[in-house]
Each structure stands twice: as structure tokens, then as C-alpha cells.
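Asker: Enclosed is the structure file final.pdb (PDB, C-alpha atoms).
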ATOM      1  CA  MET H   1      10.561  19.043  -6.508
ATOM      2  CA  ALA H   2      11.843  16.233  -4.357
ATOM      3  CA  VAL H   3      10.204  12.968  -3.362
ATOM      4  CA  ALA H   4       8.887  12.875   0.205
ATOM      5  CA  LEU H   5       9.614   9.953   2.502
ATOM      6  CA  ILE H   6       7.002   9.701   5.246
ATOM      7  CA  THR H   7       7.518   7.415   8.224
ATOM      8  CA  HIS H   8       7.338   7.384  12.012
ATOM      9  CA  GLU H   9       9.199   5.538  14.729
ATOM     10  CA  ALA H  10       5.863   4.590  16.337
ATOM     11  CA  CYS H  11       5.371   2.173  13.444
ATOM     12  CA  LEU H  12       8.211   0.119  14.941
ATOM     13  CA  ASP H  13       6.187  -0.346  18.145
ATOM     14  CA  HIS H  14       3.583  -2.541  16.453
ATOM     15  CA  ASP H  15       4.800  -5.851  17.937
ATOM     16  CA  THR H  16       3.386  -8.956  16.273
ATOM     17  CA  GLY H  17       5.283 -11.492  18.346
ATOM     18  CA  GLU H  18       8.180 -13.836  17.804
ATOM     19  CA  GLY H  19       8.231 -15.521  14.410
ATOM     20  CA  HIS H  20       5.569 -13.315  12.811
ATOM     21  CA  PRO H  21       6.574 -12.276   9.265
ATOM     22  CA  GLU H  22       5.120  -8.752   9.545
ATOM     23  CA  ARG H  23       7.696  -7.614  12.071
ATOM     24  CA  PRO H  24       9.346  -4.306  12.984
ATOM     25  CA  ASP H  25      12.588  -5.311  11.255
ATOM     26  CA  ARG H  26      10.754  -4.895   7.951
ATOM     27  CA  LEU H  27      10.468  -1.162   8.469
ATOM     28  CA  ARG H  28      14.023  -0.946   9.779
ATOM     29  CA  ALA H  29      15.233  -2.594   6.563
ATOM     30  CA  VAL H  30      13.341  -0.065   4.434
ATOM     31  CA  GLN H  31      14.583   2.867   6.494
ATOM     32  CA  ALA H  32      18.179   1.658   6.169
ATOM     33  CA  ALA H  33      17.810   1.188   2.405
ATOM     34  CA  LEU H  34      16.516   4.772   2.094
ATOM     35  CA  ALA H  35      19.047   6.317   4.503
ATOM     36  CA  PRO H  36      20.215   9.893   3.812
ATOM     37  CA  GLU H  37      23.637   8.815   2.575
ATOM     38  CA  ARG H  38      21.946   6.671  -0.091
ATOM     39  CA  PHE H  39      19.044   8.988  -0.905
ATOM     40  CA  PRO H  40      20.182  12.483   0.061
ATOM     41  CA  GLY H  41      17.463  14.184  -1.960
ATOM     42  CA  LEU H  42      14.480  12.746  -0.105
ATOM     43  CA  VAL H  43      12.436  15.116   2.013
ATOM     44  CA  ARG H  44      11.914  13.255   5.288
ATOM     45  CA  ILE H  45       8.712  13.932   7.198
ATOM     46  CA  GLU H  46       7.098  12.290  10.219
ATOM     47  CA  ALA H  47       3.681  10.757   9.684
ATOM     48  CA  PRO H  48       0.888  12.447  11.645
ATOM     49  CA  ARG H  49      -1.976  10.570  13.266
ATOM     50  CA  ALA H  50      -5.044  10.067  11.130
ATOM     51  CA  SER H  51      -8.274  11.171  12.751
ATOM     52  CA  ALA H  52     -11.115   8.779  13.513
ATOM     53  CA  GLU H  53     -13.200  10.778  11.040
ATOM     54  CA  GLN H  54     -10.689  10.206   8.234
ATOM     55  CA  ILE H  55     -10.608   6.475   8.922
ATOM     56  CA  ALA H  56     -14.408   6.243   9.222
ATOM     57  CA  ARG H  57     -14.747   7.420   5.616
ATOM     58  CA  VAL H  58     -13.543   3.911   4.772
ATOM     59  CA  HIS H  59     -14.350   1.744   7.773
ATOM     60  CA  ASP H  60     -17.524   1.107   9.717
ATOM     61  CA  ALA H  61     -17.676   3.658  12.542
ATOM     62  CA  GLY H  62     -18.346   0.969  15.114
ATOM     63  CA  TYR H  63     -15.288  -0.993  14.008
ATOM     64  CA  VAL H  64     -13.133   2.136  14.233
ATOM     65  CA  GLN H  65     -14.429   2.979  17.701
ATOM     66  CA  ARG H  66     -13.917  -0.570  18.982
ATOM     67  CA  LEU H  67     -10.386  -0.791  17.624
ATOM     68  CA  LEU H  68      -9.354   2.622  18.946
ATOM     69  CA  ALA H  69     -10.764   1.722  22.354
ATOM     70  CA  THR H  70      -8.869  -1.563  22.530
ATOM     71  CA  GLU H  71      -6.246  -1.631  25.259
ATOM     72  CA  VAL H  72      -3.552  -4.280  25.306
ATOM     73  CA  PRO H  73      -1.663  -4.530  28.622
ATOM     74  CA  PRO H  74       2.109  -4.014  28.518
ATOM     75  CA  GLY H  75       3.960  -7.148  27.530
ATOM     76  CA  GLU H  76       0.861  -8.842  26.104
ATOM     77  CA  LEU H  77      -0.442  -9.500  22.597
ATOM     78  CA  ARG H  78      -3.998  -9.929  21.363
ATOM     79  CA  ALA H  79      -4.936 -11.846  18.220
ATOM     80  CA  LEU H  80      -7.777 -10.406  16.144
ATOM     81  CA  ASP H  81      -7.488 -13.394  13.800
ATOM     82  CA  PRO H  82      -4.781 -16.045  13.279
ATOM     83  CA  ASP H  83      -2.645 -13.550  11.317
ATOM     84  CA  THR H  84      -3.473 -10.114  12.753
ATOM     85  CA  ILE H  85      -2.010  -9.159  16.122
ATOM     86  CA  LEU H  86      -2.426  -6.207  18.462
ATOM     87  CA  SER H  87       0.256  -5.097  20.900
ATOM     88  CA  PRO H  88       0.309  -2.057  23.205
ATOM     89  CA  GLY H  89       1.812   0.034  20.383
ATOM     90  CA  SER H  90      -0.350  -1.193  17.526
ATOM     91  CA  ILE H  91      -3.127   1.418  17.539
ATOM     92  CA  GLU H  92      -0.669   4.316  17.545
ATOM     93  CA  ALA H  93       1.240   2.651  14.700
ATOM     94  CA  ALA H  94      -1.964   2.146  12.701
ATOM     95  CA  LEU H  95      -2.995   5.773  13.208
ATOM     96  CA  ARG H  96       0.428   6.913  11.995
ATOM     97  CA  ALA H  97       0.238   4.576   8.993
ATOM     98  CA  ALA H  98      -3.136   5.954   7.923
ATOM     99  CA  GLY H  99      -1.980   9.482   8.730
ATOM    100  CA  GLY H 100       1.087   8.995   6.563
ATOM    101  CA  ALA H 101      -1.270   8.137   3.724
ATOM    102  CA  THR H 102      -3.254  11.354   4.113
ATOM    103  CA  LEU H 103      -0.090  13.445   4.420
ATOM    104  CA  ALA H 104       1.261  11.913   1.215
ATOM    105  CA  VAL H 105      -1.864  13.127  -0.590
ATOM    106  CA  ASP H 106      -1.542  16.609   0.884
ATOM    107  CA  LEU H 107       2.107  16.967  -0.086
ATOM    108  CA  VAL H 108       1.588  16.133  -3.749
ATOM    109  CA  MET H 109      -1.626  18.134  -3.987
ATOM    110  CA  GLN H 110       0.046  21.194  -2.462
ATOM    111  CA  GLY H 111       2.990  20.842  -4.831
ATOM    112  CA  GLN H 112       5.414  20.324  -1.946
ATOM    113  CA  ALA H 113       6.619  16.988  -3.336
ATOM    114  CA  SER H 114       6.738  15.437  -6.787
ATOM    115  CA  ALA H 115       5.756  12.088  -5.254
ATOM    116  CA  ALA H 116       5.562  10.587  -1.786
ATOM    117  CA  PHE H 117       6.372   7.185  -0.301
ATOM    118  CA  ALA H 118       4.907   6.303   3.090
ATOM    119  CA  ALA H 119       7.163   3.706   4.727
ATOM    120  CA  VAL H 120       4.715   2.683   7.425
ATOM    121  CA  ARG H 121       3.268  -0.368   9.087
ATOM    122  CA  PRO H 122       0.945  -2.131   9.726
ATOM    123  CA  PRO H 123       0.042  -2.559   6.057
ATOM    124  CA  GLY H 124      -3.526  -2.053   4.948
ATOM    125  CA  HIS H 125      -4.830  -3.560   1.728
ATOM    126  CA  HIS H 126      -6.499  -6.608   3.315
ATOM    127  CA  ALA H 127      -8.427  -4.573   5.893
ATOM    128  CA  ARG H 128     -12.132  -4.783   5.070
ATOM    129  CA  PRO H 129     -14.706  -2.114   5.919
ATOM    130  CA  ALA H 130     -15.649  -3.710   9.248
ATOM    131  CA  THR H 131     -12.869  -6.240   9.825
ATOM    132  CA  ALA H 132      -9.124  -6.401  10.384
ATOM    133  CA  MET H 133      -7.501  -9.051   8.207
ATOM    134  CA  GLY H 134      -4.190 -10.345   6.929
ATOM    135  CA  PHE H 135      -1.827  -8.272   9.122
ATOM    136  CA  CYS H 136      -3.909  -5.125   8.334
ATOM    137  CA  LEU H 137      -5.901  -2.893  10.697
ATOM    138  CA  PHE H 138      -6.887   0.140   8.591
ATOM    139  CA  ASN H 139      -6.932   0.243   4.796
ATOM    140  CA  ASN H 140      -4.354   2.963   4.268
ATOM    141  CA  VAL H 141      -4.711   3.358   0.500
ATOM    142  CA  ALA H 142      -8.492   3.629   0.783
ATOM    143  CA  VAL H 143      -8.089   6.240   3.523
ATOM    144  CA  ALA H 144      -5.799   8.162   1.152
ATOM    145  CA  ALA H 145      -8.290   7.905  -1.718
ATOM    146  CA  HIS H 146     -11.204   9.233   0.324
ATOM    147  CA  HIS H 147      -9.039  11.987   1.783
ATOM    148  CA  ALA H 148      -8.067  13.060  -1.748
ATOM    149  CA  ARG H 149     -11.715  13.224  -2.673
ATOM    150  CA  ASP H 150     -13.039  14.909   0.459
ATOM    151  CA  ARG H 151     -10.279  17.445   1.057
ATOM    152  CA  TRP H 152      -9.053  18.108  -2.480
ATOM    153  CA  GLY H 153     -12.149  17.524  -4.569
ATOM    154  CA  LEU H 154     -10.575  14.907  -6.812
ATOM    155  CA  ARG H 155     -13.066  12.674  -8.539
ATOM    156  CA  ARG H 156     -11.238   9.876 -10.333
ATOM    157  CA  ILE H 157      -8.709   8.097  -8.121
ATOM    158  CA  ALA H 158      -6.900   4.835  -8.870
ATOM    159  CA  VAL H 159      -5.016   2.339  -6.729
ATOM    160  CA  ALA H 160      -2.386   0.191  -8.437
ATOM    161  CA  ASP H 161      -1.487  -2.825  -6.284
ATOM    162  CA  PHE H 162       1.475  -5.081  -7.115
ATOM    163  CA  ASP H 163       1.661  -6.895  -3.779
ATOM    164  CA  VAL H 164       1.836 -10.659  -4.303
ATOM    165  CA  HIS H 165      -1.409 -11.036  -2.314
ATOM    166  CA  HIS H 166      -4.634  -9.659  -3.709
ATOM    167  CA  GLY H 167      -5.850  -6.470  -2.014
ATOM    168  CA  ASN H 168      -9.283  -7.816  -1.204
ATOM    169  CA  GLY H 169     -10.083  -5.054   1.279
ATOM    170  CA  THR H 170      -9.362  -2.300  -1.236
ATOM    171  CA  GLN H 171     -11.361  -4.090  -3.921
ATOM    172  CA  GLU H 172     -14.335  -4.466  -1.574
ATOM    173  CA  GLU H 173     -14.191  -0.803  -0.575
ATOM    174  CA  PHE H 174     -13.997   0.372  -4.208
ATOM    175  CA  TRP H 175     -16.395  -2.166  -5.753
ATOM    176  CA  GLN H 176     -19.554  -0.034  -5.911
ATOM    177  CA  ASP H 177     -17.904   3.331  -6.635
ATOM    178  CA  PRO H 178     -17.347   4.111 -10.336
ATOM    179  CA  ASP H 179     -14.967   6.961  -9.499
ATOM    180  CA  LEU H 180     -12.523   4.695  -7.667
ATOM    181  CA  PHE H 181     -10.471   2.215  -9.706
ATOM    182  CA  PHE H 182      -8.527  -0.783  -8.401
ATOM    183  CA  ALA H 183      -5.894  -2.570 -10.512
ATOM    184  CA  SER H 184      -4.007  -5.555  -9.097
ATOM    185  CA  SER H 185      -1.450  -8.139 -10.104
ATOM    186  CA  HIS H 186      -1.053 -10.974  -7.616
ATOM    187  CA  GLN H 187      -0.294 -14.661  -7.282
ATOM    188  CA  SER H 188      -3.182 -17.087  -7.645
ATOM    189  CA  PRO H 189      -3.843 -19.431  -5.974
ATOM    190  CA  ALA H 190      -2.700 -17.655  -2.827
ATOM    191  CA  TYR H 191      -4.062 -15.843   0.210
ATOM    192  CA  PRO H 192      -6.741 -14.438   0.459
ATOM    193  CA  GLY H 193      -8.307 -16.344  -2.447
ATOM    194  CA  THR H 194      -9.879 -13.360  -4.214
ATOM    195  CA  GLY H 195      -8.826 -11.476  -7.348
ATOM    196  CA  ARG H 196     -10.082 -13.556 -10.277
ATOM    197  CA  SER H 197      -9.914 -11.853 -13.652
ATOM    198  CA  ASP H 198     -13.726 -11.855 -13.850
ATOM    199  CA  GLU H 199     -13.979  -9.731 -10.669
ATOM    200  CA  GLN H 200     -14.465  -6.387 -12.400
ATOM    201  CA  GLY H 201     -16.409  -4.153 -10.012
ATOM    202  CA  ALA H 202     -19.984  -2.959 -10.221
ATOM    203  CA  ALA H 203     -19.020  -0.341 -12.814
ATOM    204  CA  GLY H 204     -16.109  -2.101 -14.497
ATOM    205  CA  ASN H 205     -13.844  -0.248 -12.088
ATOM    206  CA  VAL H 206     -11.738  -3.259 -11.019
ATOM    207  CA  ALA H 207      -9.042  -4.986 -13.085
ATOM    208  CA  ASN H 208      -7.335  -8.117 -11.789
ATOM    209  CA  ALA H 209      -4.395  -9.949 -13.344
ATOM    210  CA  PRO H 210      -3.806 -13.173 -11.394
ATOM    211  CA  LEU H 211      -0.435 -14.832 -12.023
ATOM    212  CA  PRO H 212       0.530 -18.445 -11.292
ATOM    213  CA  PRO H 213       3.149 -19.515  -8.761
ATOM    214  CA  GLY H 214       6.561 -19.342 -10.392
ATOM    215  CA  ALA H 215       5.691 -16.385 -12.614
ATOM    216  CA  GLY H 216       8.601 -14.005 -13.057
ATOM    217  CA  GLY H 217       9.323 -10.596 -14.452
ATOM    218  CA  ALA H 218       8.265 -11.403 -18.015
ATOM    219  CA  GLU H 219       4.798 -12.560 -16.961
ATOM    220  CA  PHE H 220       4.441  -9.691 -14.490
ATOM    221  CA  ARG H 221       5.344  -7.055 -17.078
ATOM    222  CA  ARG H 222       3.079  -8.623 -19.671
ATOM    223  CA  ALA H 223       0.112  -8.524 -17.263
ATOM    224  CA  TRP H 224       0.641  -4.860 -16.611
ATOM    225  CA  GLU H 225       1.341  -3.959 -20.255
ATOM    226  CA  ARG H 226      -1.623  -5.875 -21.693
ATOM    227  CA  VAL H 227      -4.266  -5.662 -18.978
ATOM    228  CA  LEU H 228      -3.699  -3.312 -16.076
ATOM    229  CA  LEU H 229      -1.940  -0.270 -17.528
ATOM    230  CA  PRO H 230      -4.406  -0.019 -20.454
ATOM    231  CA  ALA H 231      -7.303  -0.224 -17.978
ATOM    232  CA  LEU H 232      -5.753   2.528 -15.874
ATOM    233  CA  ASP H 233      -5.136   4.645 -18.967
ATOM    234  CA  GLN H 234      -8.781   4.293 -19.960
ATOM    235  CA  PHE H 235      -9.901   5.301 -16.464
ATOM    236  CA  ALA H 236      -7.620   8.406 -16.611
ATOM    237  CA  PRO H 237      -7.137   8.954 -12.862
ATOM    238  CA  GLU H 238      -6.500  12.342 -11.300
ATOM    239  CA  LEU H 239      -4.317  10.691  -8.638
ATOM    240  CA  VAL H 240      -2.408   7.403  -8.694
ATOM    241  CA  ILE H 241      -1.998   5.598  -5.368
ATOM    242  CA  VAL H 242       0.344   2.601  -5.213
ATOM    243  CA  SER H 243      -0.064  -0.351  -2.868
ATOM    244  CA  ALA H 244       3.648  -1.151  -2.859
ATOM    245  CA  GLY H 245       4.068  -4.713  -1.691
ATOM    246  CA  PHE H 246       7.425  -6.322  -2.482
ATOM    247  CA  ASP H 247       6.556  -9.919  -1.635
ATOM    248  CA  ALA H 248       6.420 -11.135  -5.249
ATOM    249  CA  HIS H 249      10.232 -11.072  -5.094
ATOM    250  CA  ARG H 250      11.826 -14.441  -5.745
ATOM    251  CA  ARG H 251      13.315 -14.582  -2.229
ATOM    252  CA  ASP H 252      10.098 -13.844  -0.343
ATOM    253  CA  PRO H 253       9.041 -16.684   1.988
ATOM    254  CA  LEU H 254       5.251 -16.146   1.802
ATOM    255  CA  ALA H 255       4.677 -16.705  -1.921
ATOM    256  CA  GLN H 256       6.210 -18.320  -4.985
ATOM    257  CA  MET H 257       6.633 -15.597  -7.593
ATOM    258  CA  MET H 258      10.036 -14.765  -9.054
ATOM    259  CA  LEU H 259      10.332 -10.989  -9.417
ATOM    260  CA  GLU H 260      13.590  -9.062  -9.046
ATOM    261  CA  ALA H 261      14.089  -5.583  -7.627
ATOM    262  CA  GLU H 262      14.311  -4.102 -11.120
ATOM    263  CA  ASP H 263      10.808  -5.341 -11.913
ATOM    264  CA  TYR H 264       9.593  -3.001  -9.183
ATOM    265  CA  GLY H 265      11.628  -0.186 -10.683
ATOM    266  CA  TRP H 266      10.021  -0.887 -14.059
ATOM    267  CA  ILE H 267       6.410  -0.877 -12.853
ATOM    268  CA  THR H 268       7.057   2.253 -10.789
ATOM    269  CA  ARG H 269       8.362   4.089 -13.862
ATOM    270  CA  GLU H 270       5.285   2.974 -15.798
ATOM    271  CA  LEU H 271       2.950   4.250 -13.080
ATOM    272  CA  VAL H 272       4.826   7.558 -12.830
ATOM    273  CA  ALA H 273       4.469   7.950 -16.606
ATOM    274  CA  LEU H 274       0.752   7.174 -16.360
ATOM    275  CA  ALA H 275       0.376   9.789 -13.616
ATOM    276  CA  GLY H 276       2.155  12.235 -15.911
ATOM    277  CA  ARG H 277      -0.384  11.588 -18.666
ATOM    278  CA  HIS H 278      -3.516  11.891 -16.571
ATOM    279  CA  ALA H 279      -2.846  13.163 -13.046
ATOM    280  CA  GLN H 280      -0.428  16.079 -13.445
ATOM    281  CA  GLY H 281       2.257  13.679 -12.219
ATOM    282  CA  ARG H 282       0.547  13.092  -8.873
ATOM    283  CA  VAL H 283       1.532   9.703  -7.484
ATOM    284  CA  ILE H 284       1.847   8.461  -3.914
ATOM    285  CA  SER H 285       2.927   5.068  -2.640
ATOM    286  CA  LEU H 286       2.319   3.163   0.590
ATOM    287  CA  LEU H 287       4.265   0.182   1.862
ATOM    288  CA  GLU H 288       2.349  -3.091   1.955
ATOM    289  CA  GLY H 289       4.047  -6.522   2.068
ATOM    290  CA  GLY H 290       7.579  -7.862   1.648
ATOM    291  CA  TYR H 291       8.976 -10.342   4.151
ATOM    292  CA  ASP H 292      12.545 -11.156   3.110
ATOM    293  CA  LEU H 293      14.497  -8.258   4.576
ATOM    294  CA  GLU H 294      17.216  -8.099   1.920
ATOM    295  CA  ALA H 295      14.725  -8.351  -0.931
ATOM    296  CA  LEU H 296      12.489  -5.768   0.728
ATOM    297  CA  ALA H 297      15.388  -3.330   1.102
ATOM    298  CA  GLU H 298      16.544  -3.742  -2.508
ATOM    299  CA  SER H 299      13.032  -3.526  -3.921
ATOM    300  CA  SER H 300      11.955  -0.494  -1.917
ATOM    301  CA  ALA H 301      15.153   1.299  -2.960
ATOM    302  CA  ALA H 302      14.449   0.517  -6.625
ATOM    303  CA  HIS H 303      10.874   1.730  -6.165
ATOM    304  CA  VAL H 304      11.818   5.047  -4.576
ATOM    305  CA  ALA H 305      14.603   5.637  -7.105
ATOM    306  CA  ALA H 306      12.021   5.248  -9.859
ATOM    307  CA  LEU H 307       9.612   7.627  -8.109
ATOM    308  CA  ASP H 308      12.432  10.176  -8.216
ATOM    309  CA  ALA H 309      13.495   9.541 -11.825
TER     310      ALA H 309
END
Go ahead and render the structure in this file as C-alpha cells.

Answerer:
Amino acid sequence: MAVALITHEACLDHDTGEGHPERPDRLRAVQAALAPERFPGLVRIEAPRASAEQIARVHDAGYVQRLLATEVPPGELRALDPDTILSPGSIEAALRAAGGATLAVDLVMQGQASAAFAAVRPPGHHARPATAMGFCLFNNVAVAAHHARDRWGLRRIAVADFDVHHGNGTQEEFWQDPDLFFASSHQSPAYPGTGRSDEQGAAGNVANAPLPPGAGGAEFRRAWERVLLPALDQFAPELVIVSAGFDAHRRDPLAQMMLEAEDYGWITRELVALAGRHAQGRVISLLEGGYDLEALAESSAAHVAALDA
């Protein structure tokens, strides 16, 4: 089976304004890096819209209703917080991003793809149950996890997050649920200030490996080999969901870690192997951060190549 690439042109219409790091060119860089001439074997599928019901499994229903009802006049932008911007195309983009997450689950569960990568924006792992945050409107990986449980009857679902910023929204959503596991490596200190190693979830279902500024591939791999991968192995998930942020790359402007593209290939191969041990090979991945366009393109290509190995 082939790897599925899920995306949608509407995700380019989420306009964050001049100078904002989470800009449409990010997705264009990923799409170019995964172009058919470079990855001819990918099955390319448009992301559907997620339903309000699917999103409300994760987010407060009132928050979902308010956000979906928000209208931004043409040519204008609206700030939800200092970092998170709405434009006229943002809600459609967010629905496609969350819908790409649910489709990724369906494709691997139906056996139509060996793995799936949703190249979508806005990202999601900072979005809290009732609040947009950190460039994120809906928590796409959490939407995927609940969809896997509600539609497919899976019980034990894990998110592995290697974005340089801690996925505080995913951790908060998973915290009280022993059947959802969250594993994260991230820079600390850094935004959003969460993700200490002693944050372990109400049922020991959270594992955090904070890394200092300047940490490179050796420290990153050691954190996963010694802390996060063993915790995921012990949890034995039936589905592995990846929060694929590429902003720990040494060229990224928003943090100070020193990863290379091959580090992302390495961790992807490790997560695919883990999915093979516990989840019948079922692994999906969703784009999170990554703000240097060249580094983002190289890293996403290494990631998808490893999904297809």
C-alpha cells in the first residue's frame, strides 16, 4: 500500500498577515517538496471538511459554535490573541485541516493507505478545549484521536509530538483519559512554558522530554530512545498519531534547537516501527510547526520518505 498525502488548497487561504511566521508559503514549501516528480508513489487526496460534531468531541461546543460563526470581512484580519489570526479564509482552512486528520484515520483503518500525512494548516497542538492559542484554532491530532475511537472503536491511541514547542493543548485534552497517551520532546524554556518532565497525566498517560536550547540530534535521539519510545511501547497504542512539527531544525527562527532533516527521518522510522509492533502498522501524521521554508521542505520530505520506507 502507498502513503496518502492529504491537503487542500483552502489551507492556503488562511491569511495571518504580513510578517507572521505561520504563513501560506509554509504549505507551499511542503507541497513543492512532496511534488509528484519527487514522490510519485504518494496517493494524493483532498481534505474534506470536518463536521462541527467531530470537532466538538474535543472542543467546548460553545467555542466551536462561536468560531464557526465568526465572519471576517474581505481584506481584514482579526486577532484572537497576539499570535492567532483569523482572515476570511481561516475557518474553511481550519475545517479542512481537522477534516484531513479524520480522513487520515479512515484511510489507514480501511487499509487504503499504509500511512497518511496531512499537509494542512492552521496547525493544532496548542489549541485548548475552549481557546484558540499559538497559531492554532482546532486541535487536529485530538480530533483524529477521538474520531478513531468513536468511528473505529479503537481504545488505546497515542500522539507523538516532536514539534519544538510543547503541545499544551493536546496534553490538556488527554490529561484525564487513561486510554489516550501523549509523548512530547520540545525545547524548554520556550513557548508555551508547559511540558516539564514531572507533568505525567492523571493516569501516567503523559511523557515529556524537555530539551535545552542548543540541543541537537544526539540529545533529541537520546530523549526518545530512553524516555519517550519506551513509554509508548509500554502503552502499546492501537494507532500512532504524529504531531509533525519541524521547528526544532537548526535553521528555524522561532527556537534554538539544532536538529537536521535526517533526525526527523530517524524518529519517523522509530515511530513506524513502534506502530508495527503494536498498531498493525497504523500511523498517521499531521503538520504542525516549521518556519524556515527550506528546512521545512527538507524535513517534511525526510519525514514522508520514512513513512514510506

Asker: Which residues of range 10-115 of chain H come within 12 Å of range 270-278 of chain H, and for each one, what is the closest pair of atoms and their distance in Å to one decimal, counting only C-alpha atoms, sorted by chain and residue number, as a tab-separated table?

Answerer:
residue	atom	partner	partner_atom	distance
H:Val108	CA	H:Ala275	CA	11.8
H:Ser114	CA	H:Val272	CA	10.1
H:Ala115	CA	H:Val272	CA	8.9

Asker: Kindly give the distance, in Å, that separates CA of Glu92 in chain H and CA of Phe162 in chain H, rounded to a single decimal.

Answerer: 26.5 Å

Asker: Within 9 Å of Trp175 in chain H, counting all atoms listed in the file, which residues qualify if same-chain residues fewer than 6 places away don't, as a list in words?

Answerer: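 In the requested format, the answer is Phe181, Phe182, Gln200, Gly201, Ala202, Ala203, Gly204, Asn205 and Val206 of chain H.
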
Asker: So how far away is CA of Gly89 in chain H from CA of Ala248 in chain H, in Å?

Answerer: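 We find that CA of Ala248 in chain H and CA of Gly89 in chain H lie 28.3 Å from each other.
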
Asker: For a quick check of your reading of the model, name the residues lying within 12 Å of the coordinate (-8.0, -18.7, -7.6), counting all atoms listed in the file, and write them as a list of chain:residue names.

Answerer: H:His165, H:His166, H:His186, H:Gln187, H:Ser188, H:Pro189, H:Ala190, H:Tyr191, H:Pro192, H:Gly193, H:Thr194, H:Gly195, H:Arg196, H:Ser197, H:Asp198, H:Glu199, H:Asn208, H:Ala209, H:Pro210, H:Leu211, H:Pro212, H:Pro213

Asker: Using only C-alpha atoms, which protein or nucleic acid residues come within 7 Å of Pro129 in chain H? Drop anything in the same chain fewer than 2 positions from it, and give the result as a PDB file with C-alpha atoms, in the frame of the given file.

Answerer:
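Output contents, as saved in result_39.pdb:
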ATOM      1  CA  VAL H  58     -13.543   3.911   4.772  1.00  0.00           C
ATOM      2  CA  HIS H  59     -14.350   1.744   7.773  1.00  0.00           C
ATOM      3  CA  ASP H  60     -17.524   1.107   9.717  1.00  0.00           C
ATOM      4  CA  ALA H 127      -8.427  -4.573   5.893  1.00  0.00           C
ATOM      5  CA  THR H 131     -12.869  -6.240   9.825  1.00  0.00           C
ATOM      6  CA  GLU H 173     -14.191  -0.803  -0.575  1.00  0.00           C
TER       7      GLU H 173
END

Asker: Using the incomplete input, complete range 238-250 of chain H to the level of N, CA and C atoms; output as a short mmCIF file (atom, residue, chain, number, x, y, z; two decimals), keeping the file's coordinate frame.

Answerer:
data_model
loop_
_atom_site.label_atom_id
_atom_site.label_comp_id
_atom_site.auth_asym_id
_atom_site.auth_seq_id
_atom_site.Cartn_x
_atom_site.Cartn_y
_atom_site.Cartn_z
N GLU H 238 -7.06 11.05 -11.70
CA GLU H 238 -6.50 12.34 -11.30
C GLU H 238 -5.44 12.20 -10.21
N LEU H 239 -5.34 11.02 -9.63
CA LEU H 239 -4.32 10.69 -8.64
C LEU H 239 -4.06 9.19 -8.73
N VAL H 240 -2.79 8.81 -8.70
CA VAL H 240 -2.41 7.40 -8.69
C VAL H 240 -1.85 7.08 -7.32
N ILE H 241 -2.44 6.08 -6.67
CA ILE H 241 -2.00 5.60 -5.37
C ILE H 241 -1.48 4.19 -5.56
N VAL H 242 -0.29 3.91 -5.04
CA VAL H 242 0.34 2.60 -5.21
C VAL H 242 0.30 1.82 -3.91
N SER H 243 -0.24 0.61 -3.95
CA SER H 243 -0.06 -0.35 -2.87
C SER H 243 1.23 -1.11 -3.16
N ALA H 244 2.30 -0.68 -2.52
CA ALA H 244 3.65 -1.15 -2.86
C ALA H 244 4.04 -2.32 -1.95
N GLY H 245 3.64 -3.50 -2.36
CA GLY H 245 4.07 -4.71 -1.69
C GLY H 245 5.19 -5.35 -2.49
N PHE H 246 6.24 -5.79 -1.81
CA PHE H 246 7.42 -6.32 -2.48
C PHE H 246 7.61 -7.82 -2.24
N ASP H 247 6.48 -8.51 -1.97
CA ASP H 247 6.56 -9.92 -1.64
C ASP H 247 6.37 -10.84 -2.84
N ALA H 248 6.32 -10.29 -4.05
CA ALA H 248 6.42 -11.14 -5.25
C ALA H 248 7.87 -11.36 -5.64
N HIS H 249 8.80 -10.84 -4.85
CA HIS H 249 10.23 -11.07 -5.09
C HIS H 249 10.56 -12.55 -4.95
N ARG H 250 11.51 -13.01 -5.72
CA ARG H 250 11.83 -14.44 -5.74
C ARG H 250 12.30 -14.96 -4.39
#
